[in-house]
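S.K.: protein_17.cif (mmCIF, C-alpha atoms) pasted underneath:
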```cif
data_data
#
loop_
_atom_site.label_atom_id
_atom_site.label_comp_id
_atom_site.auth_asym_id
_atom_site.auth_seq_id
_atom_site.Cartn_x
_atom_site.Cartn_y
_atom_site.Cartn_z
CA MET O 930 81.62 158.35 -15.86
CA THR O 931 78.77 160.87 -15.75
CA TRP O 932 77.45 162.59 -12.62
CA LYS O 933 74.23 160.56 -13.02
CA SER O 934 75.91 157.23 -12.96
CA ARG O 935 77.91 158.31 -9.90
CA GLY O 936 74.67 159.32 -8.12
CA GLU O 937 73.04 155.97 -8.77
CA GLN O 938 76.08 154.13 -7.58
CA SER O 939 76.18 156.25 -4.44
CA SER O 940 72.45 155.56 -3.81
CA ARG O 941 72.98 151.82 -4.12
CA SER O 942 75.86 151.96 -1.73
CA VAL O 943 73.77 153.77 0.85
CA VAL O 944 70.99 151.23 0.54
CA SER O 945 73.35 148.36 0.87
CA GLN O 946 74.90 149.86 4.01
CA LYS O 947 71.48 150.18 5.64
CA TRP O 948 70.64 146.64 4.76
CA ALA O 949 73.95 145.51 6.04
CA LEU O 950 73.37 147.28 9.34
CA PHE O 951 69.89 145.76 9.54
CA LEU O 952 71.16 142.35 8.72
CA CYS O 953 73.83 142.72 11.36
CA LEU O 954 71.29 143.68 13.99
CA ALA O 955 69.01 140.89 12.89
CA SER O 956 71.83 138.42 12.97
CA PHE O 957 72.81 139.63 16.43
CA CYS O 958 69.28 139.24 17.71
CA ALA O 959 68.95 135.85 16.10
CA GLY O 960 72.25 134.84 17.63
CA MET O 961 71.15 135.97 21.09
CA LEU O 962 67.90 134.09 20.70
CA PHE O 963 69.70 130.97 19.48
CA THR O 964 72.27 131.21 22.25
CA ASN O 965 69.61 131.59 24.93
CA ARG O 966 67.86 128.46 23.71
CA MET O 967 70.74 126.21 22.84
CA TRP O 968 73.23 127.25 25.50
CA ALA O 969 70.92 128.17 28.31
CA ILE O 970 72.54 127.55 31.70
CA PRO O 971 71.16 124.24 32.78
CA GLU O 972 69.12 123.93 35.91
CA PRO O 973 71.34 122.85 38.83
CA LYS O 974 69.96 119.31 38.63
CA GLU O 975 73.43 117.84 38.63
CA LEU O 976 74.39 120.11 41.47
CA ALA O 977 71.23 119.24 43.27
CA ARG O 978 71.93 115.54 42.62
CA THR O 979 75.47 115.98 43.90
CA THR O 980 74.23 117.86 46.93
CA ALA O 981 71.72 115.11 47.65
CA MET O 982 74.44 112.48 47.38
CA GLU O 983 76.68 114.50 49.64
CA ALA O 984 73.80 114.99 52.04
CA GLU O 985 73.23 111.24 52.06
CA THR O 986 76.94 110.67 52.60
CA LEU O 987 76.98 113.25 55.38
CA ASN O 988 73.94 111.58 56.85
CA VAL O 989 75.74 108.21 56.84
CA VAL O 990 78.83 109.79 58.39
CA SER O 991 76.65 111.55 60.93
CA GLU O 992 74.92 108.28 61.71
CA GLY O 993 78.37 106.70 62.08
CA CYS O 994 79.45 109.48 64.42
CA ASN O 995 76.24 109.15 66.35
CA SER O 996 76.83 105.42 66.52
CA ARG O 997 80.34 105.96 67.86
CA ILE O 998 79.03 108.51 70.35
CA LEU O 999 76.38 106.03 71.44
CA GLN O 1000 79.02 103.32 71.70
CA GLU O 1001 81.23 105.62 73.79
CA LYS O 1002 78.29 106.42 76.03
CA GLU O 1003 77.55 102.72 76.38
CA VAL O 1004 81.20 102.03 77.25
CA LYS O 1005 81.22 104.84 79.81
CA ARG O 1006 78.00 103.58 81.31
CA ASP O 1007 79.30 100.01 81.40
CA THR O 1008 82.57 101.25 82.95
CA LYS O 1009 80.63 103.13 85.62
CA ILE O 1010 78.54 100.04 86.36
CA ILE O 1011 81.68 97.88 86.56
CA TYR O 1012 83.36 100.41 88.86
CA GLN O 1013 80.31 100.42 91.13
CA GLU O 1014 80.31 96.64 91.23
CA VAL O 1015 84.05 96.58 92.00
CA SER O 1016 83.51 99.11 94.80
CA LYS O 1017 80.71 96.99 96.24
CA THR O 1018 82.92 93.91 96.04
CA HIS O 1019 85.81 95.77 97.69
CA ASN O 1020 83.56 96.94 100.53
CA ALA O 1021 82.22 93.43 100.95
CA ILE O 1022 85.77 92.05 101.12
CA GLN O 1023 86.72 94.65 103.74
CA THR O 1024 83.64 93.78 105.80
CA LEU O 1025 84.44 90.08 105.52
CA ASP O 1026 88.06 90.77 106.44
CA LYS O 1027 86.98 92.62 109.60
CA THR O 1028 84.57 89.80 110.47
CA ILE O 1029 87.33 87.24 110.10
CA SER O 1030 89.62 89.38 112.26
CA ASN O 1031 86.94 89.54 114.95
CA LEU O 1032 86.52 85.77 114.90
CA GLU O 1033 90.29 85.25 115.03
CA MET O 1034 90.56 87.63 117.98
CA GLU O 1035 87.80 85.83 119.88
CA LEU O 1036 89.39 82.47 119.05
CA ALA O 1037 92.76 83.69 120.34
CA ALA O 1038 91.16 84.87 123.58
CA ALA O 1039 89.35 81.56 124.02
CA ARG O 1040 92.56 79.61 123.40
CA ALA O 1041 94.45 81.70 125.94
CA ALA O 1042 91.79 81.19 128.57
CA HIS O 1043 91.67 77.48 127.83
CA GLU O 1044 95.45 77.16 128.09
CA SER O 1045 95.48 79.03 131.39
CA ILE O 1046 92.79 76.77 132.84
CA ARG O 1047 94.43 73.61 131.53
CA ASN O 1048 97.82 74.59 132.96
CA GLY O 1049 96.29 75.45 136.29
CA ALA O 1050 97.36 79.10 136.07
CA PRO O 1051 95.02 81.71 137.53
CA VAL O 1052 93.01 83.66 135.01
CA SER O 1053 93.30 87.42 135.45
CA GLU O 1054 90.24 89.53 136.17
CA ASP O 1055 90.74 91.41 132.92
CA LEU O 1056 90.84 88.14 130.98
CA LYS O 1057 87.74 86.86 132.76
CA ARG O 1058 85.96 90.09 131.91
CA ALA O 1059 87.08 89.83 128.29
CA GLU O 1060 85.88 86.21 128.17
CA SER O 1061 82.46 87.06 129.58
CA GLU O 1062 82.04 90.05 127.26
CA SER O 1063 83.49 88.41 124.12
CA ARG O 1064 80.10 88.12 122.44
CA GLY O 1065 78.78 91.61 123.01
CA LYS O 1066 81.68 93.73 124.20
CA ARG O 1067 82.05 97.28 122.99
CA ARG O 1068 84.42 98.42 120.29
CA TYR O 1069 87.17 100.87 121.22
CA LEU O 1070 89.02 103.25 118.97
CA MET O 1071 92.48 102.51 120.31
CA VAL O 1072 94.46 101.01 123.14
CA ILE O 1073 97.56 103.00 124.12
CA GLY O 1074 100.17 100.92 125.89
CA ILE O 1075 102.88 102.99 127.59
CA ASN O 1076 106.02 100.89 127.85
CA THR O 1077 107.58 101.38 131.28
CA ALA O 1078 110.05 99.76 133.69
CA PHE O 1079 110.29 99.19 137.43
CA SER O 1080 112.75 102.06 137.82
CA SER O 1081 110.59 104.60 135.93
CA ARG O 1082 108.25 105.75 138.71
CA LYS O 1083 109.13 109.43 138.19
CA ARG O 1084 108.51 109.15 134.46
CA ARG O 1085 105.09 107.61 135.08
CA ASP O 1086 104.14 110.35 137.52
CA SER O 1087 105.22 113.01 135.03
CA VAL O 1088 103.03 111.38 132.35
CA ARG O 1089 100.09 111.26 134.73
CA ALA O 1090 100.61 114.95 135.48
CA THR O 1091 100.59 115.94 131.80
CA TRP O 1092 99.00 114.09 128.88
CA MET O 1093 97.44 111.00 130.51
CA PRO O 1094 93.99 111.63 132.08
CA GLN O 1095 93.53 110.32 135.62
CA GLY O 1096 90.73 108.87 137.70
CA GLU O 1097 87.24 109.71 136.51
CA LYS O 1098 88.56 111.47 133.40
CA ARG O 1099 90.36 108.31 132.32
CA ARG O 1100 87.17 106.27 132.74
CA LYS O 1101 85.27 108.92 130.82
CA LEU O 1102 87.88 108.73 128.07
CA GLU O 1103 87.21 105.01 127.72
CA GLU O 1104 83.44 105.29 127.82
CA GLU O 1105 82.91 108.38 125.66
CA LYS O 1106 85.89 108.34 123.33
CA GLY O 1107 86.73 104.65 123.23
CA ILE O 1108 90.37 105.26 124.20
CA VAL O 1109 92.14 102.98 126.69
CA VAL O 1110 95.46 104.12 128.20
CA ARG O 1111 97.62 101.84 130.37
CA PHE O 1112 101.19 101.58 131.57
CA VAL O 1113 102.53 98.24 130.36
CA ILE O 1114 104.86 96.19 132.54
CA GLY O 1115 105.63 92.54 133.27
CA HIS O 1116 107.04 91.05 136.44
CA SER O 1117 110.51 90.71 137.90
CA ALA O 1118 112.70 87.63 137.72
CA THR O 1119 111.73 86.95 141.33
CA SER O 1120 107.97 87.03 140.98
CA GLY O 1121 106.28 88.56 144.01
CA GLY O 1122 109.45 90.35 145.10
CA ILE O 1123 109.83 93.95 146.20
CA LEU O 1124 109.68 95.33 142.65
CA ASP O 1125 106.40 93.58 141.92
CA ARG O 1126 104.91 94.66 145.24
CA ALA O 1127 105.84 98.29 144.48
CA ILE O 1128 103.99 98.11 141.15
CA GLU O 1129 100.98 96.48 142.81
CA ALA O 1130 100.82 99.30 145.34
CA GLU O 1131 101.07 101.90 142.58
CA ASP O 1132 98.38 100.11 140.58
CA ASN O 1133 96.09 100.01 143.61
CA LYS O 1134 96.45 103.78 143.87
CA HIS O 1135 96.01 104.71 140.19
CA GLY O 1136 94.52 101.62 138.51
CA ASP O 1137 96.32 102.37 135.24
CA PHE O 1138 98.56 99.32 134.69
CA LEU O 1139 98.41 96.44 132.25
CA ARG O 1140 100.40 93.59 133.79
CA LEU O 1141 101.95 91.14 131.34
CA ASP O 1142 103.00 87.54 131.73
CA HIS O 1143 106.55 88.55 130.88
CA VAL O 1144 109.90 88.83 132.69
CA GLU O 1145 111.18 92.41 132.48
CA GLY O 1146 114.59 93.13 130.94
CA TYR O 1147 116.00 95.58 128.40
CA LEU O 1148 117.11 92.79 126.09
CA GLU O 1149 113.59 91.37 126.20
CA LEU O 1150 111.79 94.33 124.65
CA SER O 1151 110.87 92.38 121.51
CA ALA O 1152 109.24 89.66 123.61
CA LYS O 1153 107.50 92.30 125.74
CA THR O 1154 106.13 94.06 122.67
CA LYS O 1155 104.77 90.81 121.30
CA THR O 1156 103.19 89.93 124.65
CA TYR O 1157 101.65 93.39 124.90
CA PHE O 1158 99.84 93.08 121.58
CA VAL O 1159 98.72 89.53 122.35
CA THR O 1160 97.34 90.58 125.74
CA ALA O 1161 95.74 93.81 124.51
CA VAL O 1162 93.89 91.98 121.73
CA LYS O 1163 92.50 89.54 124.30
CA LEU O 1164 91.29 92.29 126.62
CA TRP O 1165 89.99 95.01 124.30
CA ASP O 1166 88.34 94.92 120.91
CA ALA O 1167 89.87 98.03 119.35
CA ASP O 1168 90.49 99.42 115.88
CA PHE O 1169 94.12 100.25 116.70
CA TYR O 1170 96.77 99.26 119.22
CA VAL O 1171 99.46 101.82 120.03
CA LYS O 1172 102.82 101.37 121.71
CA VAL O 1173 104.60 104.43 123.15
CA ASP O 1174 107.55 104.89 125.49
CA ASP O 1175 107.11 106.58 128.87
CA ASP O 1176 109.53 109.40 127.98
CA VAL O 1177 107.48 110.63 124.99
CA HIS O 1178 104.85 113.38 125.01
CA VAL O 1179 101.60 112.47 123.27
CA ASN O 1180 98.59 114.50 122.15
CA ILE O 1181 95.86 111.87 122.48
CA GLY O 1182 93.21 113.82 120.55
CA THR O 1183 95.52 114.43 117.60
CA LEU O 1184 96.57 110.77 117.67
CA GLY O 1185 92.92 109.69 117.54
CA GLU O 1186 92.09 112.01 114.65
CA THR O 1187 95.14 110.70 112.78
CA LEU O 1188 94.21 107.05 113.22
CA VAL O 1189 90.53 107.57 112.38
CA ARG O 1190 91.47 108.62 108.85
CA HIS O 1191 92.95 105.16 108.30
CA ARG O 1192 90.20 103.17 110.01
CA PRO O 1193 88.56 101.86 106.78
CA LYS O 1194 91.86 100.40 105.58
CA PRO O 1195 93.04 96.88 106.45
CA ARG O 1196 96.48 95.96 107.88
CA ILE O 1197 97.72 99.43 108.82
CA TYR O 1198 101.21 99.94 110.26
CA ILE O 1199 101.77 103.63 111.01
CA GLY O 1200 104.73 105.48 112.48
CA CYS O 1201 107.86 107.39 111.54
CA MET O 1202 109.47 104.98 109.10
CA LYS O 1203 113.24 104.71 109.12
CA SER O 1204 116.00 102.45 107.84
CA GLY O 1205 119.02 102.66 110.12
CA PRO O 1206 122.34 100.85 109.83
CA VAL O 1207 122.76 97.28 111.03
CA LEU O 1208 125.36 97.53 113.81
CA SER O 1209 127.59 94.46 113.90
CA GLN O 1210 130.12 95.76 116.43
CA LYS O 1211 129.67 94.32 119.91
CA GLY O 1212 129.32 96.62 122.86
CA VAL O 1213 127.63 99.47 121.01
CA ARG O 1214 124.07 100.54 121.62
CA TYR O 1215 121.52 98.82 119.37
CA HIS O 1216 124.01 96.07 118.48
CA GLU O 1217 122.46 93.47 116.19
CA PRO O 1218 123.76 89.95 117.03
CA GLU O 1219 122.11 88.57 113.88
CA TYR O 1220 123.67 91.19 111.61
CA TRP O 1221 124.75 88.52 109.11
CA LYS O 1222 121.11 87.96 108.14
CA PHE O 1223 120.96 91.45 106.65
CA GLY O 1224 123.70 90.96 104.07
CA GLU O 1225 127.11 92.57 103.86
CA THR O 1226 128.60 94.75 106.59
CA GLY O 1227 127.29 98.30 106.38
CA ASN O 1228 123.87 97.33 105.10
CA LYS O 1229 120.71 98.95 106.46
CA TYR O 1230 117.57 97.48 107.97
CA PHE O 1231 114.37 97.21 105.98
CA ARG O 1232 111.96 100.09 106.45
CA HIS O 1233 110.25 100.03 109.87
CA ALA O 1234 108.64 102.43 112.37
CA THR O 1235 110.82 104.01 115.02
CA GLY O 1236 110.18 102.54 118.46
CA GLN O 1237 109.14 105.69 120.35
CA LEU O 1238 105.55 105.47 119.06
CA TYR O 1239 103.76 103.41 116.46
CA ALA O 1240 100.29 101.98 115.89
CA ILE O 1241 98.93 98.90 114.18
CA SER O 1242 95.39 98.01 113.17
CA LYS O 1243 93.44 95.24 114.83
CA ASP O 1244 94.02 92.69 112.08
CA LEU O 1245 97.80 93.05 112.42
CA ALA O 1246 97.58 92.73 116.22
CA THR O 1247 95.47 89.61 115.72
CA TYR O 1248 98.07 88.30 113.26
CA ILE O 1249 100.75 88.68 115.97
CA SER O 1250 98.53 86.93 118.50
CA ASN O 1251 97.77 83.99 116.23
CA ASN O 1252 101.40 83.54 115.14
CA GLN O 1253 103.24 84.50 118.33
CA GLN O 1254 105.00 81.14 118.60
CA VAL O 1255 106.73 81.44 115.22
CA LEU O 1256 107.48 85.17 114.96
CA HIS O 1257 111.23 85.73 115.24
CA LYS O 1258 112.51 88.29 117.76
CA TYR O 1259 115.53 90.47 116.92
CA ALA O 1260 117.51 92.41 119.51
CA ASN O 1261 115.67 95.68 118.77
CA GLU O 1262 111.90 95.63 119.23
CA ASP O 1263 111.13 98.11 116.44
CA VAL O 1264 113.13 95.95 114.02
CA SER O 1265 111.26 92.86 115.22
CA LEU O 1266 107.88 94.48 114.60
CA GLY O 1267 108.95 95.58 111.12
CA ALA O 1268 110.19 92.04 110.39
CA TRP O 1269 106.83 90.55 111.35
CA PHE O 1270 105.08 92.69 108.74
CA ILE O 1271 107.69 92.71 105.96
CA GLY O 1272 106.41 89.48 104.40
CA ILE O 1273 102.67 90.20 104.54
CA ASP O 1274 100.41 92.65 102.74
CA ALA O 1275 100.63 95.43 105.36
CA GLU O 1276 100.44 99.11 104.44
CA HIS O 1277 103.35 101.11 105.85
CA ILE O 1278 102.31 104.71 106.57
CA ASP O 1279 105.07 107.22 107.27
CA ASP O 1280 103.64 110.11 109.31
CA ARG O 1281 106.28 112.54 110.56
CA ARG O 1282 103.88 114.11 113.06
CA LEU O 1283 104.48 111.01 115.19
CA CYS O 1284 108.10 112.01 115.75
CA CYS O 1285 108.31 115.78 116.25
CA GLY O 1286 111.12 117.31 118.21
CA THR O 1287 110.70 119.04 121.56
CA PRO O 1288 110.28 122.84 121.66
CA PRO O 1289 110.75 124.87 119.62
CA ASP O 1290 110.08 122.31 116.86
CA CYS O 1291 106.69 121.04 118.07
CA GLU O 1292 105.73 124.56 119.16
CA TRP O 1293 106.36 126.04 115.70
CA LYS O 1294 104.38 123.25 114.07
CA ALA O 1295 101.47 123.75 116.45
CA GLN O 1296 101.42 127.48 115.71
CA ALA O 1297 101.38 126.68 111.99
CA GLY O 1298 98.26 124.55 112.50
CA ASN O 1299 100.05 121.21 112.16
CA ALA O 1300 99.87 119.88 115.72
CA CYS O 1301 102.22 117.03 116.55
CA VAL O 1302 101.05 113.61 117.70
CA ALA O 1303 104.25 112.87 119.64
CA SER O 1304 107.33 114.86 120.65
CA PHE O 1305 110.74 113.70 121.86
CA ASP O 1306 114.48 114.26 121.40
CA TRP O 1307 116.14 112.04 118.82
CA SER O 1308 119.47 112.34 120.63
CA CYS O 1309 117.98 110.67 123.72
CA SER O 1310 115.48 108.39 121.90
CA GLY O 1311 112.91 110.15 124.08
CA ILE O 1312 112.61 113.44 125.92
CA CYS O 1313 115.96 114.08 127.56
CA ARG O 1314 115.45 114.13 131.34
CA SER O 1315 111.75 113.60 130.65
CA ALA O 1316 110.66 113.50 134.30
CA ASP O 1317 111.82 117.12 134.61
CA ARG O 1318 111.12 118.47 131.13
CA ILE O 1319 107.88 116.86 129.98
CA LYS O 1320 105.76 119.47 131.79
CA GLU O 1321 107.44 122.22 129.78
CA VAL O 1322 106.91 120.25 126.56
CA HIS O 1323 103.26 119.77 127.50
CA ARG O 1324 102.80 123.46 128.25
CA ARG O 1325 104.25 124.57 124.92
CA CYS O 1326 103.18 121.75 122.61
CA GLY O 1327 100.16 120.18 124.29
CA GLU O 1328 96.87 120.26 122.37
CA GLY O 1329 94.88 121.38 125.41
CA GLU O 1330 92.28 119.44 127.36
CA LYS O 1331 89.37 120.85 125.34
CA ALA O 1332 90.87 119.58 122.10
CA LEU O 1333 90.69 116.01 123.39
CA TRP O 1334 87.13 116.18 124.68
CA ASN O 1335 85.87 118.10 121.64
CA ALA O 1336 87.52 115.72 119.18
CA SER O 1337 85.12 113.60 117.13
CA PHE O 1338 86.21 110.07 116.39
#
```
Turn the structure described in the file into structure tokens.
M.R.:
Amino acid sequence: MTWKSRGEQSSRSVVSQKWALFLCLASFCAGMLFTNRMWAIPEPKELARTTAMEAETLNVVSEGCNSRILQEKEVKRDTKIIYQEVSKTHNAIQTLDKTISNLEMELAAARAAHESIRNGAPVSEDLKRAESESRGKRRYLMVIGINTAFSSRKRRDSVRATWMPQGEKRRKLEEEKGIVVRFVIGHSATSGGILDRAIEAEDNKHGDFLRLDHVEGYLELSAKTKTYFVTAVKLWDADFYVKVDDDVHVNIGTLGETLVRHRPKPRIYIGCMKSGPVLSQKGVRYHEPEYWKFGETGNKYFRHATGQLYAISKDLATYISNNQQVLHKYANEDVSLGAWFIGIDAEHIDDRRLCCGTPPDCEWKAQAGNACVASFDWSCSGICRSADRIKEVHRRCGEGEKALWNASF
């Protein structure tokens, strides 16, 4: 091959390489142009469509949630309305219940007066006063009946000297605070005898007795308790009726504040609830002759308030008055009272402030701001040697005279 032919061949090769490079660039540009047109990233129509569908779905779900929320609000509102209606109905029932109790009480008083007149028995001044005032007589907060005996003159004097207001203060207590306090006693087996005359003389001096149509006797405490409630309901229209023994110290103001908290409730039975053993052995204190009614030997009584102090609402006192002829009496009066309420819808309230011990127990509680309603010694079922010791108990555990007169009932 000659140098000329080699030069021509080399020239062709150079030309072809340039064209090849050009063609490559042209092809690349054409490819980019073709790719941009044919494979251009589509507009997010599908995504937009999907988003719209999801938005619609979310809207439906949201509407569903809103519907449930509205339904829940409607239910809550309906529940609130129903609750208000139930409350109104409950209040109406309570008002009706109190009205019925008032009518029953007035009916019981009228029956008693009618029976006394029909039998030719003299009608007491208190009963006459209750009869004449039955339509418009005032309402009291509570009647406190202090159970006492012919032989308990010293105990009564010690109570008068401590927690029981006397004279004008006692009348003021009734008029301003609506609290009636009386010693409760019947008559002796020989009516009009020396024992009865002694009580009449004491009553003429102090004017603080409630005399019952009842023959006194320790084994007759259940009958006396029943007669007390029957008589008290006839004489005084009160929210509560209290029974307390004459060897127990009482803070009247604290008792009133305690009972007021339960005034809106019906059928209240409040005290220190206990359930002691049924004693079948003869000769022991608190022997229960009808022990066999309480099951096997060693059984306990049903829950009932201890006898030193307890209170019942007016409707329960009226219940006793209306059913006095058929209410069974057990040997122990606190058991009898508990038995009368065990079969009815009565609310048992156990308040341990109604059974504090004597100092230092009641004193410590008073210092801690938890003043006691009543104080006594469990070992003596009252304050041991109360005629001598109750002044000391009153000095250390008494609420103070100002507490009573400043109390708001």
S.K.: Looking at only C-alpha atoms, which of O:Gln1013, O:Ser1242, O:Ser1310, O:Thr1154 is the one that sits closest to O:Ala1260?
M.R.: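 Closest to O:Ala1260, using only C-alpha atoms: O:Thr1154.
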S.K.: For O:Asp1244, which residue out of O:Phe1270, O:Trp948, O:Phe1231, O:Phe1138 is the nearest one, using all atoms listed in the file?
M.R.: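 Using all atoms listed in the file, the shortest distance to O:Asp1244 belongs to O:Phe1270.
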S.K.: I would like the residues chosen by the PyMOL selection byres ((chain O and resi 1075-1089) around 10) on the shown file; could you give them as a PDB file with C-alpha atoms, in the frame of the given file?
M.R.:
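Final output, saved to selection22.pdb:
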```pdb
ATOM      1  CA  VAL O1072      94.460 101.010 123.140  1.00  0.00           C
ATOM      2  CA  ILE O1073      97.560 103.000 124.120  1.00  0.00           C
ATOM      3  CA  GLY O1074     100.170 100.920 125.890  1.00  0.00           C
ATOM      4  CA  ALA O1090     100.610 114.950 135.480  1.00  0.00           C
ATOM      5  CA  THR O1091     100.590 115.940 131.800  1.00  0.00           C
ATOM      6  CA  TRP O1092      99.000 114.090 128.880  1.00  0.00           C
ATOM      7  CA  MET O1093      97.440 111.000 130.510  1.00  0.00           C
ATOM      8  CA  PRO O1094      93.990 111.630 132.080  1.00  0.00           C
ATOM      9  CA  GLN O1095      93.530 110.320 135.620  1.00  0.00           C
ATOM     10  CA  VAL O1110      95.460 104.120 128.200  1.00  0.00           C
ATOM     11  CA  ARG O1111      97.620 101.840 130.370  1.00  0.00           C
ATOM     12  CA  PHE O1112     101.190 101.580 131.570  1.00  0.00           C
ATOM     13  CA  VAL O1113     102.530  98.240 130.360  1.00  0.00           C
ATOM     14  CA  ILE O1114     104.860  96.190 132.540  1.00  0.00           C
ATOM     15  CA  GLY O1115     105.630  92.540 133.270  1.00  0.00           C
ATOM     16  CA  HIS O1116     107.040  91.050 136.440  1.00  0.00           C
ATOM     17  CA  SER O1117     110.510  90.710 137.900  1.00  0.00           C
ATOM     18  CA  LEU O1124     109.680  95.330 142.650  1.00  0.00           C
ATOM     19  CA  ASP O1125     106.400  93.580 141.920  1.00  0.00           C
ATOM     20  CA  ALA O1127     105.840  98.290 144.480  1.00  0.00           C
ATOM     21  CA  ILE O1128     103.990  98.110 141.150  1.00  0.00           C
ATOM     22  CA  GLU O1131     101.070 101.900 142.580  1.00  0.00           C
ATOM     23  CA  HIS O1135      96.010 104.710 140.190  1.00  0.00           C
ATOM     24  CA  ASP O1137      96.320 102.370 135.240  1.00  0.00           C
ATOM     25  CA  PHE O1138      98.560  99.320 134.690  1.00  0.00           C
ATOM     26  CA  LEU O1139      98.410  96.440 132.250  1.00  0.00           C
ATOM     27  CA  GLU O1145     111.180  92.410 132.480  1.00  0.00           C
ATOM     28  CA  GLY O1146     114.590  93.130 130.940  1.00  0.00           C
ATOM     29  CA  TYR O1147     116.000  95.580 128.400  1.00  0.00           C
ATOM     30  CA  LEU O1150     111.790  94.330 124.650  1.00  0.00           C
ATOM     31  CA  LYS O1153     107.500  92.300 125.740  1.00  0.00           C
ATOM     32  CA  THR O1154     106.130  94.060 122.670  1.00  0.00           C
ATOM     33  CA  TYR O1157     101.650  93.390 124.900  1.00  0.00           C
ATOM     34  CA  VAL O1171      99.460 101.820 120.030  1.00  0.00           C
ATOM     35  CA  LYS O1172     102.820 101.370 121.710  1.00  0.00           C
ATOM     36  CA  VAL O1173     104.600 104.430 123.150  1.00  0.00           C
ATOM     37  CA  ASP O1174     107.550 104.890 125.490  1.00  0.00           C
ATOM     38  CA  ASP O1175     107.110 106.580 128.870  1.00  0.00           C
ATOM     39  CA  ASP O1176     109.530 109.400 127.980  1.00  0.00           C
ATOM     40  CA  VAL O1177     107.480 110.630 124.990  1.00  0.00           C
ATOM     41  CA  HIS O1178     104.850 113.380 125.010  1.00  0.00           C
ATOM     42  CA  VAL O1179     101.600 112.470 123.270  1.00  0.00           C
ATOM     43  CA  GLN O1237     109.140 105.690 120.350  1.00  0.00           C
ATOM     44  CA  LEU O1238     105.550 105.470 119.060  1.00  0.00           C
ATOM     45  CA  ARG O1314     115.450 114.130 131.340  1.00  0.00           C
ATOM     46  CA  SER O1315     111.750 113.600 130.650  1.00  0.00           C
ATOM     47  CA  ALA O1316     110.660 113.500 134.300  1.00  0.00           C
ATOM     48  CA  ASP O1317     111.820 117.120 134.610  1.00  0.00           C
ATOM     49  CA  ARG O1318     111.120 118.470 131.130  1.00  0.00           C
ATOM     50  CA  ILE O1319     107.880 116.860 129.980  1.00  0.00           C
ATOM     51  CA  LYS O1320     105.760 119.470 131.790  1.00  0.00           C
ATOM     52  CA  HIS O1323     103.260 119.770 127.500  1.00  0.00           C
TER      53      HIS O1323
END
```
S.K.: What is the atom CA of O:Gly1286-atom CA of O:Gly1182 distance in Å, reported with one decimal?
M.R.: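 Pair atom CA of O:Gly1286 / atom CA of O:Gly1182 returns 18.4 Å.
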S.K.: Would you write out, as a ChimeraX atom specification, every residue that the PyMOL selection byres ((chain O and resi 1269) around 10) captures in this file?
M.R.: /O:1245,1248-1249,1252-1253,1255-1258,1264-1268,1270-1273,1275
S.K.: Between atom CA of O:Gly1122 and atom CA of O:Asn1261, what is the distance, to one decimal in Å?
M.R.: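 Between atom CA of O:Gly1122 and atom CA of O:Asn1261 the gap works out to 27.6 Å.
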S.K.: For each of O:Ile1278, O:Leu1141, O:Cys1326, O:Ile1197, take the minimum atom-to-atom distance to O:Trp1293, counting only C-alpha atoms, then give the residue where this is smallest.
M.R.: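 Under the stated criterion, the closest residue is O:Cys1326.
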S.K.: Would you please work out which residue, of O:Gln1210, O:Thr1187, O:Thr1160, O:Thr1287, is nearest to O:Phe1338 when using all atoms listed in the file?
M.R.: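 Under the stated criterion, the closest residue is O:Thr1187.
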S.K.: Please provide as number ranges by chain all residues within 6 Å of O:Met1071, with the sequence filter that same-chain residues fewer than 6 positions apart are discarded (counting only C-alpha atoms).
M.R.: O: 1108, 1167-1170
S.K.: Taking the file above as input, evaluate the PyMOL selection byres ((chain O and resi 1184) around 10) and report the hits as a VMD selection string.
M.R.: chain O and resid 1071 1171 1179 to 1183 1185 to 1189 1240 1282 to 1283 1300 to 1303 1333
S.K.: Applying 7 Å and all atoms listed in the file, which residues near O:Tyr1220 remain after dropping the ones on its own chain fewer than 5 positions away? List them as a list in words.
M.R.: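 So the residues in contact are Val1207, Leu1208 and Ser1209 of chain O.
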S.K.: Limited to C-alpha atoms, could you put the picked residues into a file as an mmCIF file, keeping the file's coordinate frame?
M.R.:
```
data_model
loop_
_atom_site.group_PDB
_atom_site.id
_atom_site.type_symbol
_atom_site.label_atom_id
_atom_site.label_comp_id
_atom_site.auth_asym_id
_atom_site.auth_seq_id
_atom_site.Cartn_x
_atom_site.Cartn_y
_atom_site.Cartn_z
ATOM 1 C CA VAL O 1207 122.760 97.280 111.030
ATOM 2 C CA LEU O 1208 125.360 97.530 113.810
ATOM 3 C CA SER O 1209 127.590 94.460 113.900
#
```
S.K.: Let me have the centre and edge lengths of the axis-aligned box enclosing all listed atoms of stretch 1131-1149 of chain O with 8 Å padding on every side, in Å to one decimal, as lines of an AutoDock Vina configuration file.
M.R.:
```
center_x = 105.8
center_y = 96.1
center_z = 135.0
size_x = 38.6
size_y = 33.2
size_z = 33.8
```
S.K.: Can you work out the spacing between atom CA of O:Asp1142 and atom CA of O:Asn1251 in Å, to one decimal?
M.R.: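 Going from atom CA of O:Asp1142 over to atom CA of O:Asn1251 covers 16.7 Å.
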S.K.: For O:Glu1219, which residue out of O:Ser1308, O:Ala1152, O:Arg1325, O:Tyr1259 is the nearest one, using all atoms listed in the file?
M.R.: O:Tyr1259
